[in-house]
Amino acid sequence: MTAIQLDPGWLEACLALDATALGGFWSSAQWLKELEDDRRICLGLVTGEVLIGVACGWLVLDELHITVLAVDPSHRRKGNGQLLLLGLLQRARQNGAIHATLEVASDNKTAIDLYARCGFRSAGCRKGYYRDGRDALIQWRQLDESNTI
Ligand SMILES: CC(C)(COP(=O)(O)OP(=O)(O)OC[C@H]1O[C@@H](n2cnc3c(N)ncnc32)[C@H](O)[C@@H]1OP(=O)(O)O)[C@@H](O)C(=O)NCCC(=O)NCCS
């Protein structure tokens with residue numbers, strides 16, 4: 001299992017993973033933007049030639065805005081989500097980020113627990129943030145040298 005920086009050659013694999021893991025979260029154009037933009041980090045977990053997880057984020061000055069974290073359902077509960085998230089935080093810190101932030105649906109317990117294990121704390125709530133009306137928790141963590149990743 002290897003974590004690699006994804007490039008536009010992985011577009012079809014990202015769309016396939018998006019369909020199985022996220023139920024069609026982003027369009028092809030949105031994935032392409034994520035894979036092409038130099039300010040974005042898009043890490044993929046690959047076994048053989050198959051993409052089984054992704055973690056992406058956008059560097060805005062010294063902040064990493066995490067945009068997606070997803071693992072194929074048949075590869076969950078094996079530590080892959082945590083591996084990807086910590087890999088993304090490390091890359092972001094190497095690129096100058098000192099904070100990381102994300103939004104997570106307030107009923108997504110698995111993801112909230114994973115983020116808490118990786119040092120994230122809630123700092124607010126966006127009411128009705130998602131299309132289906134669910135609230136989003138806004139989460140943050142520091143990435144400075146004194147924190148372990
Ligand atoms: C959230 C998500 C990325 C987690 O991926 P994952 O690979 O299952 O993550 P991990 O394996 O690192 O951790 C998940 C759970 O597996 C457990 N686990 C990890 N390794 C394990 C092992 N070897 N044996 C048993 N359980 C294990 C973890 O303790 C954790 O348990 P918890 O949910 O009770 O806290 C995945 O569920 C997913 O893609 N969900 C849909 C998309 C989503 O919600 N993304 C987040 C949006 S903000």
# chains A, B, ... in the order shown; residues from 1 in each chain; ligands from 1

call {"tool": "residues_around", "arguments": {"residues": "range 30-46 of chain A", "least_positions_apart": "3", "cutoff": "7 Å", "atoms": "only C-alpha atoms", "output": "mmCIF file with C-alpha atoms, in the first residue's frame"}}
result
data_model
loop_
_atom_site.group_PDB
_atom_site.id
_atom_site.type_symbol
_atom_site.label_atom_id
_atom_site.label_comp_id
_atom_site.auth_asym_id
_atom_site.auth_seq_id
_atom_site.Cartn_x
_atom_site.Cartn_y
_atom_site.Cartn_z
ATOM 1 C CA MET A 1 0.000 0.000 0.000
ATOM 2 C CA THR A 2 1.528 3.314 -1.079
ATOM 3 C CA ALA A 3 0.409 6.914 -0.598
ATOM 4 C CA ILE A 4 1.212 8.975 -3.690
ATOM 5 C CA GLN A 5 0.513 12.483 -4.979
ATOM 6 C CA LEU A 6 -2.203 12.044 -7.617
ATOM 7 C CA ASP A 7 -1.999 13.786 -10.990
ATOM 8 C CA PRO A 8 -4.660 14.228 -13.724
ATOM 9 C CA LEU A 11 -9.059 11.309 -12.970
ATOM 10 C CA TRP A 26 -17.685 15.847 -7.254
ATOM 11 C CA SER A 27 -18.088 16.144 -11.033
ATOM 12 C CA GLU A 49 -2.886 -0.256 -9.729
ATOM 13 C CA VAL A 50 -6.132 0.337 -7.833
ATOM 14 C CA LEU A 51 -6.972 3.577 -6.027
ATOM 15 C CA ILE A 52 -8.594 2.689 -2.689
ATOM 16 C CA GLY A 53 -8.546 6.049 -0.895
ATOM 17 C CA VAL A 54 -7.987 9.769 -1.345
ATOM 18 C CA ALA A 55 -7.279 12.765 0.872
ATOM 19 C CA CYS A 56 -7.200 16.212 -0.699
ATOM 20 C CA GLY A 57 -6.690 19.728 0.558
ATOM 21 C CA TRP A 58 -6.172 23.255 -0.623
ATOM 22 C CA LEU A 59 -3.326 25.420 0.673
ATOM 23 C CA LEU A 88 -1.986 14.905 3.978
#

call {"tool": "select_by_dssp", "arguments": {"residues": "range 13-132 of chain A", "states": "strand (DSSP E or B)", "output": "PyMOL selection string"}}
result
chain A and resi 40-47+50-60+63-71+99-105+121-126

call {"tool": "residues_near_ligand", "arguments": {"ligand": "ligand 1", "cutoff": "7 Å", "atoms": "only C-alpha atoms and all ligand atoms", "output": "VMD selection string"}}
result
chain A and resid 21 to 22 68 to 73 75 to 83 103 to 105 108 to 111 113 to 114

call {"tool": "closest_residue", "arguments": {"among": "A:Glu12, A:Arg93, A:Leu86, A:Ser106", "to": "Tyr129 in chain A", "atoms": "only C-alpha atoms"}}
result
A:Ser106

call {"tool": "closest_residue", "arguments": {"among": "A:Ser28, A:Ile66, A:Glu145, A:Gly96", "to": "Phe120 in chain A", "atoms": "only C-alpha atoms"}}
result
A:Ile66

call {"tool": "closest_residue", "arguments": {"among": "A:Ile138, A:Ala116, A:Leu102, A:Ala92", "to": "Thr67 in chain A", "atoms": "only C-alpha atoms"}}
result
A:Leu102

call {"tool": "closest_residue", "arguments": {"among": "A:Leu143, A:Ala29, A:Cys14, A:Cys125", "to": "Glu63 in chain A", "atoms": "only C-alpha atoms"}}
result
A:Leu143

call {"tool": "select_by_dssp", "arguments": {"residues": "range 16-145 of chain A", "states": "helix (DSSP H, G or I)", "output": "compact mmCIF listing (two decimals) with all heavy atoms, in the first residue's frame"}}
result
# COMPACT_ATOMS: atom_id res chain seq x y z
N ALA A 16 -14.31 6.97 -10.11
CA ALA A 16 -14.82 5.65 -9.71
C ALA A 16 -14.87 5.53 -8.19
O ALA A 16 -15.86 5.06 -7.61
CB ALA A 16 -13.97 4.55 -10.32
N LEU A 17 -13.80 5.98 -7.54
CA LEU A 17 -13.77 5.93 -6.06
C LEU A 17 -14.84 6.85 -5.47
O LEU A 17 -15.52 6.49 -4.50
CB LEU A 17 -12.38 6.33 -5.56
CG LEU A 17 -12.21 6.34 -4.04
CD1 LEU A 17 -12.35 4.93 -3.46
CD2 LEU A 17 -10.85 6.92 -3.66
N ASP A 18 -14.98 8.03 -6.05
CA ASP A 18 -16.01 8.98 -5.61
C ASP A 18 -17.39 8.33 -5.66
O ASP A 18 -18.20 8.44 -4.73
CB ASP A 18 -15.93 10.23 -6.50
CG ASP A 18 -16.88 11.34 -6.10
OD1 ASP A 18 -17.99 11.04 -5.62
OD2 ASP A 18 -16.54 12.51 -6.28
N ALA A 19 -17.65 7.58 -6.76
CA ALA A 19 -18.98 6.94 -6.92
C ALA A 19 -19.21 5.89 -5.83
O ALA A 19 -20.30 5.85 -5.24
CB ALA A 19 -19.08 6.30 -8.30
N THR A 20 -18.18 5.09 -5.51
CA THR A 20 -18.40 4.02 -4.52
C THR A 20 -18.29 4.53 -3.08
O THR A 20 -19.01 4.05 -2.21
CB THR A 20 -17.39 2.85 -4.69
OG1 THR A 20 -16.08 3.39 -4.69
CG2 THR A 20 -17.63 2.08 -5.95
N ALA A 21 -17.40 5.47 -2.84
CA ALA A 21 -17.15 5.88 -1.45
C ALA A 21 -17.96 7.09 -1.02
O ALA A 21 -18.23 7.27 0.18
CB ALA A 21 -15.65 6.18 -1.26
N LEU A 22 -18.35 7.94 -1.99
CA LEU A 22 -19.00 9.21 -1.62
C LEU A 22 -20.35 9.39 -2.31
O LEU A 22 -21.00 10.43 -2.11
CB LEU A 22 -18.08 10.38 -1.99
CG LEU A 22 -16.74 10.45 -1.24
CD1 LEU A 22 -15.79 11.42 -1.94
CD2 LEU A 22 -16.95 10.88 0.20
N SER A 28 -16.60 15.49 -12.83
CA SER A 28 -15.30 15.30 -13.48
C SER A 28 -14.50 16.61 -13.49
O SER A 28 -13.29 16.62 -13.22
CB SER A 28 -15.56 14.80 -14.90
OG SER A 28 -14.38 14.59 -15.57
N ALA A 29 -15.18 17.72 -13.76
CA ALA A 29 -14.49 19.02 -13.81
C ALA A 29 -13.94 19.39 -12.43
O ALA A 29 -12.82 19.93 -12.32
CB ALA A 29 -15.47 20.10 -14.29
N GLN A 30 -14.69 19.09 -11.38
CA GLN A 30 -14.20 19.41 -10.03
C GLN A 30 -12.99 18.56 -9.66
O GLN A 30 -12.02 19.05 -9.09
CB GLN A 30 -15.33 19.20 -9.01
CG GLN A 30 -16.37 20.31 -9.05
CD GLN A 30 -17.61 19.96 -8.22
OE1 GLN A 30 -18.20 18.88 -8.37
NE2 GLN A 30 -17.99 20.86 -7.34
N TRP A 31 -13.03 17.27 -10.03
CA TRP A 31 -11.87 16.41 -9.75
C TRP A 31 -10.65 16.89 -10.53
O TRP A 31 -9.53 16.91 -10.01
CB TRP A 31 -12.19 14.94 -10.07
CG TRP A 31 -12.80 14.23 -8.91
CD1 TRP A 31 -14.09 13.81 -8.78
CD2 TRP A 31 -12.13 13.88 -7.68
NE1 TRP A 31 -14.27 13.23 -7.55
CE2 TRP A 31 -13.09 13.26 -6.86
CE3 TRP A 31 -10.83 14.05 -7.20
CZ2 TRP A 31 -12.77 12.78 -5.58
CZ3 TRP A 31 -10.52 13.57 -5.92
CH2 TRP A 31 -11.48 12.95 -5.13
N LEU A 32 -10.87 17.25 -11.81
CA LEU A 32 -9.75 17.70 -12.64
C LEU A 32 -9.08 18.92 -12.02
O LEU A 32 -7.85 19.00 -11.94
CB LEU A 32 -10.24 18.00 -14.06
CG LEU A 32 -9.16 18.15 -15.11
CD1 LEU A 32 -8.27 16.90 -15.18
CD2 LEU A 32 -9.76 18.43 -16.48
N LYS A 33 -9.88 19.85 -11.54
CA LYS A 33 -9.35 21.05 -10.89
C LYS A 33 -8.51 20.65 -9.67
O LYS A 33 -7.41 21.16 -9.43
CB LYS A 33 -10.52 21.94 -10.46
CG LYS A 33 -10.14 23.31 -9.99
CD LYS A 33 -11.40 24.13 -9.81
CE LYS A 33 -11.14 25.38 -9.02
NZ LYS A 33 -12.37 26.01 -8.58
N GLU A 34 -9.04 19.70 -8.90
CA GLU A 34 -8.34 19.24 -7.70
C GLU A 34 -6.99 18.62 -8.07
O GLU A 34 -5.99 18.79 -7.37
CB GLU A 34 -9.23 18.21 -6.99
CG GLU A 34 -8.92 18.01 -5.53
CD GLU A 34 -9.38 19.16 -4.65
OE1 GLU A 34 -10.13 20.04 -5.14
OE2 GLU A 34 -8.96 19.22 -3.49
N LEU A 35 -6.95 17.88 -9.18
CA LEU A 35 -5.75 17.15 -9.56
C LEU A 35 -4.73 18.02 -10.30
O LEU A 35 -3.54 17.71 -10.32
CB LEU A 35 -6.14 15.95 -10.45
CG LEU A 35 -6.97 14.87 -9.76
CD1 LEU A 35 -7.58 13.93 -10.79
CD2 LEU A 35 -6.14 14.10 -8.75
N GLU A 36 -5.19 19.13 -10.88
CA GLU A 36 -4.30 19.97 -11.70
C GLU A 36 -3.67 21.12 -10.94
O GLU A 36 -2.57 21.55 -11.27
CB GLU A 36 -5.10 20.58 -12.86
CG GLU A 36 -5.28 19.66 -14.03
CD GLU A 36 -6.05 20.33 -15.16
OE1 GLU A 36 -6.73 21.36 -14.92
OE2 GLU A 36 -5.98 19.83 -16.29
N PRO A 73 -15.31 1.44 0.44
CA PRO A 73 -15.97 0.70 1.53
C PRO A 73 -15.32 -0.65 1.86
O PRO A 73 -15.29 -1.05 3.02
CB PRO A 73 -17.40 0.50 1.00
CG PRO A 73 -17.61 1.65 0.07
CD PRO A 73 -16.28 1.94 -0.55
N SER A 74 -14.76 -1.34 0.87
CA SER A 74 -14.17 -2.66 1.16
C SER A 74 -12.78 -2.56 1.79
O SER A 74 -12.18 -3.59 2.14
CB SER A 74 -14.11 -3.51 -0.11
OG SER A 74 -13.33 -2.85 -1.07
N HIS A 75 -12.27 -1.34 1.95
CA HIS A 75 -10.94 -1.17 2.57
C HIS A 75 -11.01 -0.32 3.83
O HIS A 75 -10.00 0.21 4.27
CB HIS A 75 -9.97 -0.55 1.56
CG HIS A 75 -9.63 -1.45 0.42
ND1 HIS A 75 -8.62 -2.39 0.49
CD2 HIS A 75 -10.19 -1.60 -0.79
CE1 HIS A 75 -8.55 -3.05 -0.64
NE2 HIS A 75 -9.50 -2.59 -1.44
N ASN A 80 -6.72 2.89 7.02
CA ASN A 80 -6.37 3.62 5.78
C ASN A 80 -6.78 5.09 5.83
O ASN A 80 -6.06 5.95 5.33
CB ASN A 80 -7.02 2.93 4.57
CG ASN A 80 -6.39 1.59 4.29
OD1 ASN A 80 -5.18 1.43 4.44
ND2 ASN A 80 -7.18 0.60 3.91
N GLY A 81 -7.93 5.36 6.43
CA GLY A 81 -8.38 6.75 6.54
C GLY A 81 -7.38 7.58 7.35
O GLY A 81 -6.98 8.67 6.95
N GLN A 82 -6.95 7.02 8.47
CA GLN A 82 -5.99 7.74 9.32
C GLN A 82 -4.65 7.92 8.61
O GLN A 82 -4.05 9.00 8.66
CB GLN A 82 -5.80 6.96 10.63
CG GLN A 82 -4.86 7.67 11.59
CD GLN A 82 -4.92 7.12 12.99
OE1 GLN A 82 -5.95 6.59 13.42
NE2 GLN A 82 -3.85 7.23 13.71
N LEU A 83 -4.21 6.87 7.91
CA LEU A 83 -2.94 6.95 7.17
C LEU A 83 -2.99 8.09 6.15
O LEU A 83 -2.05 8.90 6.03
CB LEU A 83 -2.72 5.61 6.46
CG LEU A 83 -1.41 5.38 5.74
CD1 LEU A 83 -0.30 5.19 6.76
CD2 LEU A 83 -1.50 4.14 4.86
N LEU A 84 -4.08 8.18 5.42
CA LEU A 84 -4.23 9.22 4.40
C LEU A 84 -4.29 10.61 5.03
O LEU A 84 -3.65 11.55 4.56
CB LEU A 84 -5.52 8.99 3.61
CG LEU A 84 -5.41 8.03 2.44
CD1 LEU A 84 -6.79 7.63 1.96
CD2 LEU A 84 -4.61 8.65 1.30
N LEU A 85 -5.08 10.73 6.10
CA LEU A 85 -5.23 12.05 6.73
C LEU A 85 -3.89 12.54 7.29
O LEU A 85 -3.50 13.69 7.06
CB LEU A 85 -6.29 11.97 7.84
CG LEU A 85 -6.55 13.27 8.60
CD1 LEU A 85 -7.03 14.38 7.66
CD2 LEU A 85 -7.58 13.04 9.72
N LEU A 86 -3.17 11.66 7.99
CA LEU A 86 -1.88 12.08 8.55
C LEU A 86 -0.87 12.38 7.44
O LEU A 86 -0.07 13.31 7.55
CB LEU A 86 -1.34 11.01 9.51
CG LEU A 86 -2.20 10.79 10.77
CD1 LEU A 86 -1.58 9.73 11.67
CD2 LEU A 86 -2.41 12.09 11.56
N GLY A 87 -0.92 11.62 6.35
CA GLY A 87 -0.05 11.88 5.21
C GLY A 87 -0.33 13.26 4.62
O GLY A 87 0.60 14.01 4.28
N LEU A 88 -1.60 13.60 4.51
CA LEU A 88 -1.99 14.91 3.98
C LEU A 88 -1.49 16.03 4.90
O LEU A 88 -0.95 17.04 4.42
CB LEU A 88 -3.51 14.97 3.83
CG LEU A 88 -4.10 16.26 3.31
CD1 LEU A 88 -3.66 16.52 1.86
CD2 LEU A 88 -5.63 16.23 3.39
N LEU A 89 -1.65 15.85 6.22
CA LEU A 89 -1.20 16.88 7.17
C LEU A 89 0.32 17.06 7.08
O LEU A 89 0.82 18.19 7.12
CB LEU A 89 -1.61 16.51 8.59
CG LEU A 89 -3.12 16.42 8.87
CD1 LEU A 89 -3.37 16.02 10.32
CD2 LEU A 89 -3.84 17.72 8.54
N GLN A 90 1.05 15.95 6.94
CA GLN A 90 2.51 16.05 6.84
C GLN A 90 2.93 16.81 5.59
O GLN A 90 3.79 17.69 5.65
CB GLN A 90 3.13 14.64 6.81
CG GLN A 90 3.51 14.18 8.19
CD GLN A 90 3.84 12.69 8.24
OE1 GLN A 90 3.73 11.99 7.23
NE2 GLN A 90 4.20 12.21 9.40
N ARG A 91 2.32 16.47 4.45
CA ARG A 91 2.65 17.18 3.20
C ARG A 91 2.35 18.66 3.33
O ARG A 91 3.10 19.51 2.86
CB ARG A 91 1.83 16.64 2.03
CG ARG A 91 2.11 15.22 1.67
CD ARG A 91 3.28 15.11 0.70
NE ARG A 91 3.54 13.68 0.50
CZ ARG A 91 3.41 13.06 -0.66
NH1 ARG A 91 3.06 13.74 -1.74
NH2 ARG A 91 3.66 11.78 -0.76
N ALA A 92 1.21 18.97 3.97
CA ALA A 92 0.81 20.37 4.11
C ALA A 92 1.81 21.12 4.98
O ALA A 92 2.21 22.25 4.67
CB ALA A 92 -0.59 20.45 4.71
N ARG A 93 2.25 20.48 6.05
CA ARG A 93 3.23 21.15 6.92
C ARG A 93 4.54 21.37 6.17
O ARG A 93 5.14 22.44 6.28
CB ARG A 93 3.46 20.33 8.19
CG ARG A 93 4.34 21.09 9.16
CD ARG A 93 4.24 20.60 10.57
NE ARG A 93 4.96 19.35 10.73
CZ ARG A 93 5.06 18.70 11.89
NH1 ARG A 93 4.44 19.17 12.96
NH2 ARG A 93 5.72 17.59 11.98
N GLN A 94 4.96 20.39 5.38
CA GLN A 94 6.18 20.55 4.58
C GLN A 94 6.04 21.71 3.60
O GLN A 94 7.01 22.33 3.21
CB GLN A 94 6.48 19.27 3.79
CG GLN A 94 7.03 18.14 4.64
CD GLN A 94 6.85 16.77 3.98
OE1 GLN A 94 6.42 16.66 2.83
NE2 GLN A 94 7.16 15.71 4.72
N LYS A 109 -20.26 10.07 12.56
CA LYS A 109 -19.50 9.71 13.76
C LYS A 109 -18.13 9.12 13.42
O LYS A 109 -17.13 9.44 14.07
CB LYS A 109 -20.32 8.72 14.61
CG LYS A 109 -19.66 8.41 15.93
CD LYS A 109 -20.50 7.48 16.78
CE LYS A 109 -19.82 7.15 18.11
NZ LYS A 109 -18.40 6.86 18.07
N THR A 110 -18.09 8.24 12.41
CA THR A 110 -16.81 7.61 12.05
C THR A 110 -15.76 8.67 11.71
O THR A 110 -14.63 8.63 12.19
CB THR A 110 -16.99 6.67 10.85
OG1 THR A 110 -17.97 5.69 11.20
CG2 THR A 110 -15.70 5.97 10.47
N ALA A 111 -16.18 9.63 10.86
CA ALA A 111 -15.23 10.67 10.45
C ALA A 111 -14.88 11.58 11.64
O ALA A 111 -13.71 11.92 11.83
CB ALA A 111 -15.81 11.48 9.30
N ILE A 112 -15.87 11.94 12.44
CA ILE A 112 -15.61 12.82 13.59
C ILE A 112 -14.63 12.15 14.56
O ILE A 112 -13.69 12.78 15.05
CB ILE A 112 -16.94 13.21 14.30
CG1 ILE A 112 -17.76 14.11 13.38
CG2 ILE A 112 -16.67 13.89 15.64
CD1 ILE A 112 -19.20 14.35 13.84
N ASP A 113 -14.82 10.84 14.81
CA ASP A 113 -13.89 10.12 15.70
C ASP A 113 -12.48 10.08 15.11
O ASP A 113 -11.49 10.25 15.82
CB ASP A 113 -14.39 8.69 15.94
CG ASP A 113 -15.63 8.65 16.82
OD1 ASP A 113 -15.99 9.70 17.40
OD2 ASP A 113 -16.25 7.58 16.93
N LEU A 114 -12.41 9.85 13.80
CA LEU A 114 -11.10 9.81 13.14
C LEU A 114 -10.41 11.18 13.25
O LEU A 114 -9.22 11.26 13.59
CB LEU A 114 -11.29 9.41 11.67
CG LEU A 114 -10.11 9.52 10.71
CD1 LEU A 114 -8.91 8.74 11.22
CD2 LEU A 114 -10.51 8.98 9.33
N TYR A 115 -11.14 12.25 12.99
CA TYR A 115 -10.54 13.58 13.09
C TYR A 115 -10.11 13.88 14.53
O TYR A 115 -9.05 14.47 14.75
CB TYR A 115 -11.52 14.65 12.59
CG TYR A 115 -11.83 14.54 11.11
CD1 TYR A 115 -13.12 14.65 10.62
CD2 TYR A 115 -10.81 14.32 10.19
CE1 TYR A 115 -13.40 14.54 9.27
CE2 TYR A 115 -11.08 14.21 8.83
CZ TYR A 115 -12.37 14.32 8.38
OH TYR A 115 -12.64 14.21 7.04
N ALA A 116 -10.90 13.45 15.50
CA ALA A 116 -10.54 13.69 16.91
C ALA A 116 -9.24 12.94 17.24
O ALA A 116 -8.35 13.49 17.90
CB ALA A 116 -11.67 13.24 17.83
N ARG A 117 -9.12 11.69 16.77
CA ARG A 117 -7.89 10.92 17.00
C ARG A 117 -6.68 11.61 16.39
O ARG A 117 -5.56 11.46 16.85
CB ARG A 117 -8.01 9.53 16.37
CG ARG A 117 -8.59 8.47 17.24
CD ARG A 117 -8.17 7.07 16.79
NE ARG A 117 -8.38 6.78 15.39
CZ ARG A 117 -9.55 6.52 14.84
NH1 ARG A 117 -10.64 6.51 15.57
NH2 ARG A 117 -9.65 6.25 13.55

call {"tool": "atom_distance", "arguments": {"atom1": "CA of Asn95 in chain A", "atom2": "CA of Leu137 in chain A"}}
result
25.7 Å

call {"tool": "closest_residue", "arguments": {"among": "A:Ala13, A:Ala100, A:Phe25, A:Arg131", "to": "Gly119 in chain A", "atoms": "only C-alpha atoms"}}
result
A:Ala100

call {"tool": "atom_distance", "arguments": {"atom1": "CA of Asp62 in chain A", "atom2": "CA of Gly128 in chain A"}}
result
27.9 Å

call {"tool": "atom_distance", "arguments": {"atom1": "CA of Ile98 in chain A", "atom2": "CA of Gln142 in chain A"}}
result
5.8 Å
